[in-house]
Structure formats: C-alpha cells, structure tokens
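**Student:** One structure is given below, represented as structure tokens, and several questions about it will come after.
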Amino acid sequence: MTIGNRILLAQHRASQDMIEAFRALPVANVSDCMARVFAAGPELRPMHRSGTLAGSALTVRSRPGDNLFLHKAIDMAEPGDVIVVDAGGDLTNSLMGELMLAHAIRRGIAGFVLNGSIRDIDEIYNENLPVYAAGVTHRGPYKNGPGEINVTISVGGMVVSPGDLVLGDNDGVLSVPYNEMDSVLEAAREKKAREEKQMAAILNGTIDRSWVDAALRESGCEFPDS
C-alpha cells in the first residue's frame, strides 16, 4: 500500500459514552488538563452558529486545495464521527461547501475540523453542524488526490490519530488521545468542579487572592505592601 495515497481502516473509535461525557465539559477545562499543549491553535475557528462538537476522529490527509479524499471520508464515516482534515493549511481553495455539508448531515456526521478553507459560509452557519476551519473562499477544490484516510495527522499544531476524541466549543477545538481519555476525563471533571467553587467564592466575596502577591514575590518582583 503506497504511503501518501492510501485508505486504512480505523482500529478503534471513541465510545458514545465517552463522547457524551466530554460533551458536558468546557474545552478550556479539558485543555488545561493536558498541559495546554494538545489543542489546536486560534486559526481553526468555529464557522457554525453555536453548539458543541464532540465525536470520534476520522482523519484525512489531502493535497492542499483537493477534496477527493474528504469526499471518500464522508462516504466511509459512521454516525458520530468527526472528520479532521490536514490539507496543509493552504487557504487558496475551499475544501467543502453546502452540498458536502448536506450529505454529511444526512449520514449523521458530528462535524468537521479542517486546516483549510470552506465556502457557502451562510449555509454552513445556518445549518449549524459544527465546522471548524481556517478560512473562507469562493474558489472551489480540485478532485485528483493523492491523500490518506485514517492516518495520524497534524492540524493547527494539534496531532490527531484515528479514534481520538475531538471536542470543540466557541473557544476552539482540541483532540484527546484515545489511550488518555479516562485520565483526562477525570482530571477535567475535577477542574470544572474546582472552578465552580471558585466562582461561588467570587460571587459571595470570599475568594482568596493571596496567591497573587505570593507569585509576585516568588518571581522576584518588588512592590509596596497594600
């Protein structure tokens, strides 16, 4: 099988129970629990109106500006899959528009993450299937290949393997490695609970802010005592 021009079968998928558990968590909490380095960069923006993206990654590597393998991935995808496309970050040609979106919705696909451009932005916004992309252009794609499906890719500085859990909200999108889901889920739930307690303390005026001065002293900063 030729590297760079091949279609593989996924070896595993994130379970629906795991997907729903992560769906209840803010992306920021999950990101903080992975040392803030496993999330995609700010160039991958939500193009849909609102809502949370959560699903199992089906990965695509394509030539910049070409969507042949993205078409095949939509045909292969199972309900609840998130199609993640590494198209090299080139924004010259769109990778998908309203026709592909309609087909994806009909097939039960959970959403898309593309480090490339899209078009038909009004339709994508109004349909509200979660779509994260790096840009918008009217220029259409080529359909010649080559490409790969179900290989490890990188999008927006984020490494994604087939079956990883993809989570997105209005703050951005990230991927949780398949073998780390349980530990990240536990840590993110604890993080969310701590922040809820902090918010309650802020609202009732009992928040402890002594850590700020302590951190300044630790850094060697000189400042007057209040």
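Naming scheme: A, B, ... for chains in displayed order of the structure tokens; residues 1 onward per chain; ligands 1 onward as shown.
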Near Phe22 (chain A), within 10 Å and counting only C-alpha atoms, which residues show up once chain neighbours fewer than 3 positions away are dropped, as a PDB file with C-alpha atoms, in the first residue's frame?

**Tutor:**
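Wrote around_28.pdb, looks like this:
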ATOM      1  CA  GLN A  16     -20.515   7.061  22.646  1.00  0.00           C
ATOM      2  CA  ASP A  17     -20.472   7.108  26.448  1.00  0.00           C
ATOM      3  CA  MET A  18     -17.052   8.767  26.405  1.00  0.00           C
ATOM      4  CA  ILE A  19     -18.171  11.264  23.763  1.00  0.00           C
ATOM      5  CA  LEU A  25     -17.157  19.791  29.707  1.00  0.00           C
ATOM      6  CA  PRO A  26     -15.807  23.159  28.525  1.00  0.00           C
ATOM      7  CA  VAL A  27     -12.940  22.882  26.053  1.00  0.00           C
ATOM      8  CA  VAL A  30     -10.037  19.875  29.119  1.00  0.00           C
ATOM      9  CA  LEU A  53     -18.605  19.451  18.739  1.00  0.00           C
ATOM     10  CA  ALA A  54     -17.888  16.015  20.205  1.00  0.00           C
ATOM     11  CA  GLY A  55     -17.076  12.804  18.381  1.00  0.00           C
ATOM     12  CA  LEU A 165     -11.870  12.177  20.818  1.00  0.00           C
ATOM     13  CA  VAL A 166     -12.437  15.577  19.213  1.00  0.00           C
ATOM     14  CA  LEU A 167     -14.065  18.290  21.322  1.00  0.00           C
ATOM     15  CA  GLY A 168     -14.920  21.840  20.318  1.00  0.00           C
ATOM     16  CA  VAL A 176      -7.881  13.855  23.390  1.00  0.00           C
ATOM     17  CA  MET A 181      -9.386   9.608  27.593  1.00  0.00           C
ATOM     18  CA  VAL A 184      -8.180  13.356  31.046  1.00  0.00           C
ATOM     19  CA  LEU A 185     -11.913  12.999  31.684  1.00  0.00           C
ATOM     20  CA  ALA A 188     -11.281  17.748  33.608  1.00  0.00           C
ATOM     21  CA  ARG A 189     -14.271  16.916  35.786  1.00  0.00           C
TER      22      ARG A 189
END

**Student:** Would you write out, as CSV, a table of all residues in region 25-73 of chain A that have an atom no more than 10 Å from an atom of region 145-163 of chain A, listing for each the closest atom pair and the distance in Å to one decimal, considering only C-alpha atoms and ordering rows by chain and rising residue number?

**Tutor:**
residue,atom,partner,partner_atom,distance
A:Val37,CA,A:Met158,CA,8.1
A:Phe38,CA,A:Met158,CA,5.8
A:Ala39,CA,A:Met158,CA,5.7
A:Ala40,CA,A:Gly156,CA,4.8
A:Gly41,CA,A:Gly156,CA,5.1
A:Pro42,CA,A:Gly156,CA,7.9
A:Glu43,CA,A:Gly156,CA,6.9
A:Leu44,CA,A:Gly156,CA,6.7
A:Gly55,CA,A:Gly163,CA,8.9
A:Ser56,CA,A:Gly163,CA,5.2
A:Ala57,CA,A:Gly163,CA,4.9
A:Leu58,CA,A:Pro162,CA,5.3
A:Thr59,CA,A:Asn150,CA,4.9
A:Val60,CA,A:Ile149,CA,4.5
A:Arg61,CA,A:Glu148,CA,5.0
A:Ser62,CA,A:Gly147,CA,4.4
A:Arg63,CA,A:Pro146,CA,6.3
A:Pro64,CA,A:Gly145,CA,9.5
A:Gly65,CA,A:Gly145,CA,9.7
A:Asp66,CA,A:Gly145,CA,6.4
A:Asn67,CA,A:Gly145,CA,7.4
A:Leu68,CA,A:Gly145,CA,5.8
A:Phe69,CA,A:Gly147,CA,5.9
A:Leu70,CA,A:Ile149,CA,8.5
A:Lys72,CA,A:Ile149,CA,8.6
A:Ala73,CA,A:Ile149,CA,7.0

**Student:** Convert the current residue selection to file output with N, CA and C atoms, as an mmCIF file, in the first residue's frame.

**Tutor:**
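part_13.cif written:
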data_model
loop_
_atom_site.group_PDB
_atom_site.id
_atom_site.type_symbol
_atom_site.label_atom_id
_atom_site.label_comp_id
_atom_site.auth_asym_id
_atom_site.auth_seq_id
_atom_site.Cartn_x
_atom_site.Cartn_y
_atom_site.Cartn_z
ATOM 1 N N VAL A 37 -1.239 22.082 25.735
ATOM 2 C CA VAL A 37 -0.447 21.904 24.513
ATOM 3 C C VAL A 37 -1.090 20.943 23.517
ATOM 4 N N PHE A 38 -2.261 20.396 23.818
ATOM 5 C CA PHE A 38 -2.892 19.430 22.927
ATOM 6 C C PHE A 38 -4.067 20.029 22.164
ATOM 7 N N ALA A 39 -4.209 21.341 22.193
ATOM 8 C CA ALA A 39 -5.315 21.987 21.496
ATOM 9 C C ALA A 39 -4.828 22.611 20.198
ATOM 10 N N ALA A 40 -5.746 22.731 19.247
ATOM 11 C CA ALA A 40 -5.418 23.413 18.001
ATOM 12 C C ALA A 40 -5.268 24.908 18.255
ATOM 13 N N GLY A 41 -4.522 25.571 17.383
ATOM 14 C CA GLY A 41 -4.305 26.997 17.518
ATOM 15 C C GLY A 41 -5.527 27.819 17.139
ATOM 16 N N PRO A 42 -5.455 29.131 17.347
ATOM 17 C CA PRO A 42 -6.611 30.003 17.123
ATOM 18 C C PRO A 42 -7.001 30.146 15.662
ATOM 19 N N GLU A 43 -6.169 29.652 14.748
ATOM 20 C CA GLU A 43 -6.529 29.764 13.327
ATOM 21 C C GLU A 43 -7.706 28.875 12.942
ATOM 22 N N LEU A 44 -7.985 27.842 13.729
ATOM 23 C CA LEU A 44 -9.140 26.982 13.452
ATOM 24 C C LEU A 44 -10.338 27.542 14.212
ATOM 25 N N GLY A 55 -16.976 14.023 19.161
ATOM 26 C CA GLY A 55 -17.076 12.804 18.381
ATOM 27 C C GLY A 55 -15.735 12.119 18.231
ATOM 28 N N SER A 56 -15.757 11.011 17.512
ATOM 29 C CA SER A 56 -14.564 10.196 17.275
ATOM 30 C C SER A 56 -13.907 10.614 15.965
ATOM 31 N N ALA A 57 -12.590 10.786 15.987
ATOM 32 C CA ALA A 57 -11.879 11.327 14.828
ATOM 33 C C ALA A 57 -11.762 10.323 13.691
ATOM 34 N N LEU A 58 -12.161 10.763 12.505
ATOM 35 C CA LEU A 58 -11.842 10.088 11.251
ATOM 36 C C LEU A 58 -10.921 11.047 10.510
ATOM 37 N N THR A 59 -9.675 10.656 10.318
ATOM 38 C CA THR A 59 -8.664 11.588 9.835
ATOM 39 C C THR A 59 -8.445 11.475 8.332
ATOM 40 N N VAL A 60 -8.118 12.634 7.743
ATOM 41 C CA VAL A 60 -7.852 12.725 6.306
ATOM 42 C C VAL A 60 -6.613 13.585 6.100
ATOM 43 N N ARG A 61 -5.692 13.124 5.268
ATOM 44 C CA ARG A 61 -4.605 13.969 4.793
ATOM 45 C C ARG A 61 -4.804 14.169 3.297
ATOM 46 N N SER A 62 -4.852 15.419 2.867
ATOM 47 C CA SER A 62 -5.094 15.685 1.449
ATOM 48 C C SER A 62 -4.091 16.689 0.906
ATOM 49 N N ARG A 63 -3.941 16.678 -0.396
ATOM 50 C CA ARG A 63 -3.145 17.706 -1.056
ATOM 51 C C ARG A 63 -3.844 19.049 -0.874
ATOM 52 N N PRO A 64 -3.096 20.134 -0.642
ATOM 53 C CA PRO A 64 -3.744 21.433 -0.481
ATOM 54 C C PRO A 64 -4.696 21.747 -1.635
ATOM 55 N N GLY A 65 -5.909 22.149 -1.283
ATOM 56 C CA GLY A 65 -6.893 22.532 -2.288
ATOM 57 C C GLY A 65 -7.620 21.387 -2.949
ATOM 58 N N ASP A 66 -7.402 20.152 -2.487
ATOM 59 C CA ASP A 66 -8.017 18.972 -3.106
ATOM 60 C C ASP A 66 -8.910 18.270 -2.081
ATOM 61 N N ASN A 67 -10.125 17.895 -2.496
ATOM 62 C CA ASN A 67 -11.044 17.282 -1.530
ATOM 63 C C ASN A 67 -11.529 15.891 -1.931
ATOM 64 N N LEU A 68 -10.822 15.211 -2.834
ATOM 65 C CA LEU A 68 -11.243 13.873 -3.246
ATOM 66 C C LEU A 68 -11.328 12.936 -2.040
ATOM 67 N N PHE A 69 -10.317 12.953 -1.195
ATOM 68 C CA PHE A 69 -10.298 12.037 -0.051
ATOM 69 C C PHE A 69 -11.270 12.480 1.043
ATOM 70 N N LEU A 70 -11.587 13.753 1.103
ATOM 71 C CA LEU A 70 -12.634 14.205 2.015
ATOM 72 C C LEU A 70 -13.992 13.659 1.574
ATOM 73 N N LYS A 72 -14.462 10.845 0.037
ATOM 74 C CA LYS A 72 -14.457 9.430 0.407
ATOM 75 C C LYS A 72 -14.659 9.259 1.907
ATOM 76 N N ALA A 73 -14.078 10.134 2.702
ATOM 77 C CA ALA A 73 -14.228 10.043 4.155
ATOM 78 C C ALA A 73 -15.686 10.228 4.568
#

**Student:** Pick out the closest residue to Arg106 (chain A) from this set: A:Asp171, A:Glu222, A:Asp75, A:Glu190. Count only C-alpha atoms.

**Tutor:**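 Using only C-alpha atoms, Arg106 (chain A) sits closest to A:Asp75.
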
**Student:** Work out how far CA of Asn115 (chain A) is from CA of Arg23 (chain A), in Å to one decimal.

**Tutor:**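 Atom-to-atom, CA of Arg23 (chain A) and CA of Asn115 (chain A) are spaced 22.4 Å apart.
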
**Student:** So that I can see what lies close to His103 (chain A), please list as a PDB file with N, CA and C atoms, in the first residue's frame the residues with an atom at most 10 Å from it, counting only C-alpha atoms and leaving out residues fewer than 5 positions away in the same chain.

**Tutor:**
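Below is the file that was written, out19.pdb:
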ATOM      1  N   HIS A  71     -14.250  13.656   0.269  1.00  0.00           N
ATOM      2  CA  HIS A  71     -15.483  13.040  -0.235  1.00  0.00           C
ATOM      3  C   HIS A  71     -15.563  11.575   0.191  1.00  0.00           C
ATOM      4  N   ILE A  74     -16.391  11.136   3.926  1.00  0.00           N
ATOM      5  CA  ILE A  74     -17.814  11.323   4.232  1.00  0.00           C
ATOM      6  C   ILE A  74     -18.579  10.044   3.924  1.00  0.00           C
ATOM      7  N   ASP A  75     -18.232   9.385   2.824  1.00  0.00           N
ATOM      8  CA  ASP A  75     -18.904   8.127   2.472  1.00  0.00           C
ATOM      9  C   ASP A  75     -18.578   7.011   3.463  1.00  0.00           C
ATOM     10  N   GLU A  98     -21.812  23.729   0.885  1.00  0.00           N
ATOM     11  CA  GLU A  98     -23.132  23.307   1.360  1.00  0.00           C
ATOM     12  C   GLU A  98     -23.549  21.927   0.868  1.00  0.00           C
ATOM     13  N   GLY A 108     -25.194  11.530   9.403  1.00  0.00           N
ATOM     14  CA  GLY A 108     -25.041  11.563  10.855  1.00  0.00           C
ATOM     15  C   GLY A 108     -23.664  11.949  11.345  1.00  0.00           C
ATOM     16  N   ILE A 109     -22.874  12.580  10.489  1.00  0.00           N
ATOM     17  CA  ILE A 109     -21.536  13.015  10.891  1.00  0.00           C
ATOM     18  C   ILE A 109     -21.651  14.138  11.917  1.00  0.00           C
TER      19      ILE A 109
END

**Student:** Ranking A:Met100, A:Leu9, A:Met199, A:Val85 by minimum distance to Tyr132 (chain A) and counting only C-alpha atoms, which one comes first?

**Tutor:**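 Smallest separation from Tyr132 (chain A) among the options: A:Val85.
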
**Student:** Give the strand (DSSP E or B) residues of region 49-200 of chain A, as assigned by DSSP on the backbone, as a PDB file with N, CA and C atoms, in the first residue's frame.

**Tutor:**
ATOM      1  N   LEU A  53     -19.045  20.558  19.591  1.00  0.00           N
ATOM      2  CA  LEU A  53     -18.605  19.451  18.739  1.00  0.00           C
ATOM      3  C   LEU A  53     -18.012  18.373  19.628  1.00  0.00           C
ATOM      4  N   ALA A  54     -18.468  17.138  19.467  1.00  0.00           N
ATOM      5  CA  ALA A  54     -17.888  16.015  20.205  1.00  0.00           C
ATOM      6  C   ALA A  54     -18.066  14.762  19.373  1.00  0.00           C
ATOM      7  N   GLY A  55     -16.976  14.023  19.161  1.00  0.00           N
ATOM      8  CA  GLY A  55     -17.076  12.804  18.381  1.00  0.00           C
ATOM      9  C   GLY A  55     -15.735  12.119  18.231  1.00  0.00           C
ATOM     10  N   SER A  56     -15.757  11.011  17.512  1.00  0.00           N
ATOM     11  CA  SER A  56     -14.564  10.196  17.275  1.00  0.00           C
ATOM     12  C   SER A  56     -13.907  10.614  15.965  1.00  0.00           C
ATOM     13  N   ALA A  57     -12.590  10.786  15.987  1.00  0.00           N
ATOM     14  CA  ALA A  57     -11.879  11.327  14.828  1.00  0.00           C
ATOM     15  C   ALA A  57     -11.762  10.323  13.691  1.00  0.00           C
ATOM     16  N   LEU A  58     -12.161  10.763  12.505  1.00  0.00           N
ATOM     17  CA  LEU A  58     -11.842  10.088  11.251  1.00  0.00           C
ATOM     18  C   LEU A  58     -10.921  11.047  10.510  1.00  0.00           C
ATOM     19  N   THR A  59      -9.675  10.656  10.318  1.00  0.00           N
ATOM     20  CA  THR A  59      -8.664  11.588   9.835  1.00  0.00           C
ATOM     21  C   THR A  59      -8.445  11.475   8.332  1.00  0.00           C
ATOM     22  N   VAL A  60      -8.118  12.634   7.743  1.00  0.00           N
ATOM     23  CA  VAL A  60      -7.852  12.725   6.306  1.00  0.00           C
ATOM     24  C   VAL A  60      -6.613  13.585   6.100  1.00  0.00           C
ATOM     25  N   ARG A  61      -5.692  13.124   5.268  1.00  0.00           N
ATOM     26  CA  ARG A  61      -4.605  13.969   4.793  1.00  0.00           C
ATOM     27  C   ARG A  61      -4.804  14.169   3.297  1.00  0.00           C
ATOM     28  N   SER A  62      -4.852  15.419   2.867  1.00  0.00           N
ATOM     29  CA  SER A  62      -5.094  15.685   1.449  1.00  0.00           C
ATOM     30  C   SER A  62      -4.091  16.689   0.906  1.00  0.00           C
ATOM     31  N   ASP A  66      -7.402  20.152  -2.487  1.00  0.00           N
ATOM     32  CA  ASP A  66      -8.017  18.972  -3.106  1.00  0.00           C
ATOM     33  C   ASP A  66      -8.910  18.270  -2.081  1.00  0.00           C
ATOM     34  N   ASP A  81     -19.002  10.401  13.918  1.00  0.00           N
ATOM     35  CA  ASP A  81     -17.607  10.686  13.580  1.00  0.00           C
ATOM     36  C   ASP A  81     -17.398  12.182  13.348  1.00  0.00           C
ATOM     37  N   VAL A  82     -16.210  12.656  13.690  1.00  0.00           N
ATOM     38  CA  VAL A  82     -15.756  13.995  13.327  1.00  0.00           C
ATOM     39  C   VAL A  82     -14.663  13.830  12.278  1.00  0.00           C
ATOM     40  N   ILE A  83     -14.850  14.413  11.119  1.00  0.00           N
ATOM     41  CA  ILE A  83     -13.849  14.310  10.060  1.00  0.00           C
ATOM     42  C   ILE A  83     -12.841  15.439  10.234  1.00  0.00           C
ATOM     43  N   VAL A  84     -11.578  15.061  10.427  1.00  0.00           N
ATOM     44  CA  VAL A  84     -10.495  16.013  10.666  1.00  0.00           C
ATOM     45  C   VAL A  84      -9.553  15.960   9.472  1.00  0.00           C
ATOM     46  N   VAL A  85      -9.336  17.106   8.831  1.00  0.00           N
ATOM     47  CA  VAL A  85      -8.612  17.147   7.562  1.00  0.00           C
ATOM     48  C   VAL A  85      -7.345  17.980   7.680  1.00  0.00           C
ATOM     49  N   ASP A  86      -6.215  17.358   7.368  1.00  0.00           N
ATOM     50  CA  ASP A  86      -4.945  18.063   7.221  1.00  0.00           C
ATOM     51  C   ASP A  86      -4.741  18.341   5.741  1.00  0.00           C
ATOM     52  N   SER A  94     -11.327  26.230  -1.416  1.00  0.00           N
ATOM     53  CA  SER A  94     -12.179  25.660  -0.373  1.00  0.00           C
ATOM     54  C   SER A  94     -12.148  24.140  -0.444  1.00  0.00           C
ATOM     55  N   GLY A 111     -19.380  16.488  12.798  1.00  0.00           N
ATOM     56  CA  GLY A 111     -18.795  17.771  12.458  1.00  0.00           C
ATOM     57  C   GLY A 111     -17.484  17.622  11.715  1.00  0.00           C
ATOM     58  N   PHE A 112     -16.844  18.766  11.462  1.00  0.00           N
ATOM     59  CA  PHE A 112     -15.607  18.815  10.684  1.00  0.00           C
ATOM     60  C   PHE A 112     -14.592  19.732  11.358  1.00  0.00           C
ATOM     61  N   VAL A 113     -13.314  19.377  11.195  1.00  0.00           N
ATOM     62  CA  VAL A 113     -12.199  20.248  11.550  1.00  0.00           C
ATOM     63  C   VAL A 113     -11.259  20.242  10.354  1.00  0.00           C
ATOM     64  N   LEU A 114     -11.035  21.411   9.738  1.00  0.00           N
ATOM     65  CA  LEU A 114     -10.257  21.475   8.503  1.00  0.00           C
ATOM     66  C   LEU A 114      -9.225  22.590   8.601  1.00  0.00           C
ATOM     67  N   ASN A 115      -7.947  22.260   8.403  1.00  0.00           N
ATOM     68  CA  ASN A 115      -6.964  23.339   8.353  1.00  0.00           C
ATOM     69  C   ASN A 115      -6.818  23.811   6.911  1.00  0.00           C
ATOM     70  N   GLY A 116      -7.933  24.287   6.400  1.00  0.00           N
ATOM     71  CA  GLY A 116      -8.059  24.836   5.063  1.00  0.00           C
ATOM     72  C   GLY A 116      -9.298  25.705   5.030  1.00  0.00           C
ATOM     73  N   SER A 117      -9.729  26.060   3.835  1.00  0.00           N
ATOM     74  CA  SER A 117     -10.878  26.947   3.675  1.00  0.00           C
ATOM     75  C   SER A 117     -12.163  26.180   3.404  1.00  0.00           C
ATOM     76  N   ILE A 118     -13.277  26.868   3.637  1.00  0.00           N
ATOM     77  CA  ILE A 118     -14.595  26.381   3.250  1.00  0.00           C
ATOM     78  C   ILE A 118     -15.270  27.457   2.402  1.00  0.00           C
ATOM     79  N   VAL A 131     -18.511  23.100  12.404  1.00  0.00           N
ATOM     80  CA  VAL A 131     -17.438  23.127  11.411  1.00  0.00           C
ATOM     81  C   VAL A 131     -16.384  24.118  11.888  1.00  0.00           C
ATOM     82  N   TYR A 132     -15.154  23.639  12.043  1.00  0.00           N
ATOM     83  CA  TYR A 132     -14.014  24.490  12.374  1.00  0.00           C
ATOM     84  C   TYR A 132     -13.097  24.526  11.165  1.00  0.00           C
ATOM     85  N   ALA A 133     -12.730  25.721  10.723  1.00  0.00           N
ATOM     86  CA  ALA A 133     -11.885  25.860   9.541  1.00  0.00           C
ATOM     87  C   ALA A 133     -10.984  27.071   9.720  1.00  0.00           C
ATOM     88  N   ALA A 134     -10.005  27.187   8.810  1.00  0.00           N
ATOM     89  CA  ALA A 134      -9.020  28.254   8.921  1.00  0.00           C
ATOM     90  C   ALA A 134      -9.329  29.449   8.040  1.00  0.00           C
ATOM     91  N   GLY A 135     -10.316  29.320   7.141  1.00  0.00           N
ATOM     92  CA  GLY A 135     -10.613  30.435   6.260  1.00  0.00           C
ATOM     93  C   GLY A 135     -11.826  30.182   5.398  1.00  0.00           C
ATOM     94  N   VAL A 136     -12.172  31.189   4.604  1.00  0.00           N
ATOM     95  CA  VAL A 136     -13.318  31.125   3.693  1.00  0.00           C
ATOM     96  C   VAL A 136     -12.886  31.661   2.336  1.00  0.00           C
ATOM     97  N   TYR A 142     -10.032  21.028  -6.123  1.00  0.00           N
ATOM     98  CA  TYR A 142      -9.719  20.002  -7.119  1.00  0.00           C
ATOM     99  C   TYR A 142     -10.114  18.642  -6.556  1.00  0.00           C
ATOM    100  N   GLY A 147      -3.968  11.358  -1.368  1.00  0.00           N
ATOM    101  CA  GLY A 147      -4.365  11.610   0.005  1.00  0.00           C
ATOM    102  C   GLY A 147      -4.335  10.339   0.824  1.00  0.00           C
ATOM    103  N   GLU A 148      -4.709  10.464   2.092  1.00  0.00           N
ATOM    104  CA  GLU A 148      -4.744   9.313   3.000  1.00  0.00           C
ATOM    105  C   GLU A 148      -5.940   9.458   3.938  1.00  0.00           C
ATOM    106  N   ILE A 149      -6.478   8.335   4.362  1.00  0.00           N
ATOM    107  CA  ILE A 149      -7.560   8.304   5.341  1.00  0.00           C
ATOM    108  C   ILE A 149      -7.168   7.367   6.476  1.00  0.00           C
ATOM    109  N   ILE A 153      -2.387  12.667  11.750  1.00  0.00           N
ATOM    110  CA  ILE A 153      -2.196  13.933  11.053  1.00  0.00           C
ATOM    111  C   ILE A 153      -1.935  15.043  12.064  1.00  0.00           C
ATOM    112  N   SER A 154      -1.650  16.232  11.547  1.00  0.00           N
ATOM    113  CA  SER A 154      -1.490  17.416  12.380  1.00  0.00           C
ATOM    114  C   SER A 154      -2.309  18.552  11.788  1.00  0.00           C
ATOM    115  N   VAL A 155      -3.149  19.166  12.617  1.00  0.00           N
ATOM    116  CA  VAL A 155      -3.939  20.319  12.174  1.00  0.00           C
ATOM    117  C   VAL A 155      -3.818  21.424  13.215  1.00  0.00           C
ATOM    118  N   MET A 158      -1.987  20.572  16.272  1.00  0.00           N
ATOM    119  CA  MET A 158      -2.575  19.516  17.102  1.00  0.00           C
ATOM    120  C   MET A 158      -2.468  18.181  16.383  1.00  0.00           C
ATOM    121  N   VAL A 159      -1.866  17.196  17.034  1.00  0.00           N
ATOM    122  CA  VAL A 159      -1.755  15.854  16.463  1.00  0.00           C
ATOM    123  C   VAL A 159      -3.054  15.098  16.726  1.00  0.00           C
ATOM    124  N   VAL A 160      -3.597  14.487  15.674  1.00  0.00           N
ATOM    125  CA  VAL A 160      -4.844  13.729  15.787  1.00  0.00           C
ATOM    126  C   VAL A 160      -4.646  12.367  15.141  1.00  0.00           C
ATOM    127  N   LEU A 165     -10.652  11.420  20.560  1.00  0.00           N
ATOM    128  CA  LEU A 165     -11.870  12.177  20.818  1.00  0.00           C
ATOM    129  C   LEU A 165     -11.650  13.640  20.466  1.00  0.00           C
ATOM    130  N   VAL A 166     -12.520  14.176  19.632  1.00  0.00           N
ATOM    131  CA  VAL A 166     -12.437  15.577  19.213  1.00  0.00           C
ATOM    132  C   VAL A 166     -13.528  16.361  19.929  1.00  0.00           C
ATOM    133  N   LEU A 167     -13.133  17.467  20.553  1.00  0.00           N
ATOM    134  CA  LEU A 167     -14.065  18.290  21.322  1.00  0.00           C
ATOM    135  C   LEU A 167     -13.884  19.747  20.928  1.00  0.00           C
ATOM    136  N   GLY A 168     -14.996  20.433  20.673  1.00  0.00           N
ATOM    137  CA  GLY A 168     -14.920  21.840  20.318  1.00  0.00           C
ATOM    138  C   GLY A 168     -16.090  22.631  20.863  1.00  0.00           C
ATOM    139  N   ASP A 169     -15.830  23.897  21.190  1.00  0.00           N
ATOM    140  CA  ASP A 169     -16.899  24.832  21.525  1.00  0.00           C
ATOM    141  C   ASP A 169     -16.494  26.196  20.978  1.00  0.00           C
ATOM    142  N   GLY A 172     -12.727  27.075  20.785  1.00  0.00           N
ATOM    143  CA  GLY A 172     -11.809  26.388  19.890  1.00  0.00           C
ATOM    144  C   GLY A 172     -12.004  24.888  19.943  1.00  0.00           C
ATOM    145  N   VAL A 173     -11.012  24.162  19.441  1.00  0.00           N
ATOM    146  CA  VAL A 173     -11.148  22.715  19.281  1.00  0.00           C
ATOM    147  C   VAL A 173      -9.872  22.022  19.747  1.00  0.00           C
ATOM    148  N   LEU A 174     -10.032  20.808  20.272  1.00  0.00           N
ATOM    149  CA  LEU A 174      -8.882  20.019  20.704  1.00  0.00           C
ATOM    150  C   LEU A 174      -9.150  18.539  20.462  1.00  0.00           C
ATOM    151  N   SER A 175      -8.104  17.748  20.656  1.00  0.00           N
ATOM    152  CA  SER A 175      -8.193  16.300  20.489  1.00  0.00           C
ATOM    153  C   SER A 175      -7.618  15.620  21.724  1.00  0.00           C
ATOM    154  N   VAL A 176      -8.347  14.637  22.240  1.00  0.00           N
ATOM    155  CA  VAL A 176      -7.881  13.855  23.390  1.00  0.00           C
ATOM    156  C   VAL A 176      -7.406  12.498  22.883  1.00  0.00           C
TER     157      VAL A 176
END

**Student:** How far is it from CA of Arg107 (chain A) to CA of Asn128 (chain A), in Å with one decimal?

**Tutor:** 15.2 Å

**Student:** When distances are computed from only C-alpha atoms, which of A:Thr92, A:Gln11, A:Thr52, A:Asn204 shows the smallest separation from Pro130 (chain A)?

**Tutor:**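 Looking at the shortest contact to Pro130 (chain A), the residue is A:Thr52.
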
**Student:** Could you please write out, as a ChimeraX atom specification, every residue of region 20-170 of chain A that DSSP assigns to helix (DSSP H, G or I)?

**Tutor:** /A:20-23,27-32,68-76,98-106,121-127

**Student:** Selected residues, C-alpha atoms, written as a PDB file, in the first residue's frame, please.

**Tutor:**
ATOM      1  CA  GLU A  20     -21.200  12.293  25.815  1.00  0.00           C
ATOM      2  CA  ALA A  21     -19.115  12.585  28.986  1.00  0.00           C
ATOM      3  CA  PHE A  22     -16.724  15.026  27.304  1.00  0.00           C
ATOM      4  CA  ARG A  23     -19.571  16.933  25.663  1.00  0.00           C
ATOM      5  CA  VAL A  27     -12.940  22.882  26.053  1.00  0.00           C
ATOM      6  CA  ALA A  28     -10.888  25.230  28.247  1.00  0.00           C
ATOM      7  CA  ASN A  29     -11.108  22.849  31.220  1.00  0.00           C
ATOM      8  CA  VAL A  30     -10.037  19.875  29.119  1.00  0.00           C
ATOM      9  CA  SER A  31      -7.204  21.862  27.542  1.00  0.00           C
ATOM     10  CA  ASP A  32      -5.875  22.909  30.952  1.00  0.00           C
ATOM     11  CA  LEU A  68     -11.243  13.873  -3.246  1.00  0.00           C
ATOM     12  CA  PHE A  69     -10.298  12.037  -0.051  1.00  0.00           C
ATOM     13  CA  LEU A  70     -12.634  14.205   2.015  1.00  0.00           C
ATOM     14  CA  HIS A  71     -15.483  13.040  -0.235  1.00  0.00           C
ATOM     15  CA  LYS A  72     -14.457   9.430   0.407  1.00  0.00           C
ATOM     16  CA  ALA A  73     -14.228  10.043   4.155  1.00  0.00           C
ATOM     17  CA  ILE A  74     -17.814  11.323   4.232  1.00  0.00           C
ATOM     18  CA  ASP A  75     -18.904   8.127   2.472  1.00  0.00           C
ATOM     19  CA  MET A  76     -16.939   5.997   4.972  1.00  0.00           C
ATOM     20  CA  GLU A  98     -23.132  23.307   1.360  1.00  0.00           C
ATOM     21  CA  LEU A  99     -23.540  20.190  -0.821  1.00  0.00           C
ATOM     22  CA  MET A 100     -20.954  18.196   1.110  1.00  0.00           C
ATOM     23  CA  LEU A 101     -22.382  19.541   4.357  1.00  0.00           C
ATOM     24  CA  ALA A 102     -25.865  18.324   3.415  1.00  0.00           C
ATOM     25  CA  HIS A 103     -24.506  14.856   2.615  1.00  0.00           C
ATOM     26  CA  ALA A 104     -22.628  14.785   5.934  1.00  0.00           C
ATOM     27  CA  ILE A 105     -25.721  15.764   7.902  1.00  0.00           C
ATOM     28  CA  ARG A 106     -27.708  13.017   6.210  1.00  0.00           C
ATOM     29  CA  ILE A 121     -20.425  30.128   4.739  1.00  0.00           C
ATOM     30  CA  ASP A 122     -24.003  31.385   5.173  1.00  0.00           C
ATOM     31  CA  GLU A 123     -25.431  27.904   4.658  1.00  0.00           C
ATOM     32  CA  ILE A 124     -22.861  26.346   6.982  1.00  0.00           C
ATOM     33  CA  TYR A 125     -23.639  28.951   9.628  1.00  0.00           C
ATOM     34  CA  ASN A 126     -27.391  28.422   9.358  1.00  0.00           C
ATOM     35  CA  GLU A 127     -27.310  24.602   9.247  1.00  0.00           C
TER      36      GLU A 127
END
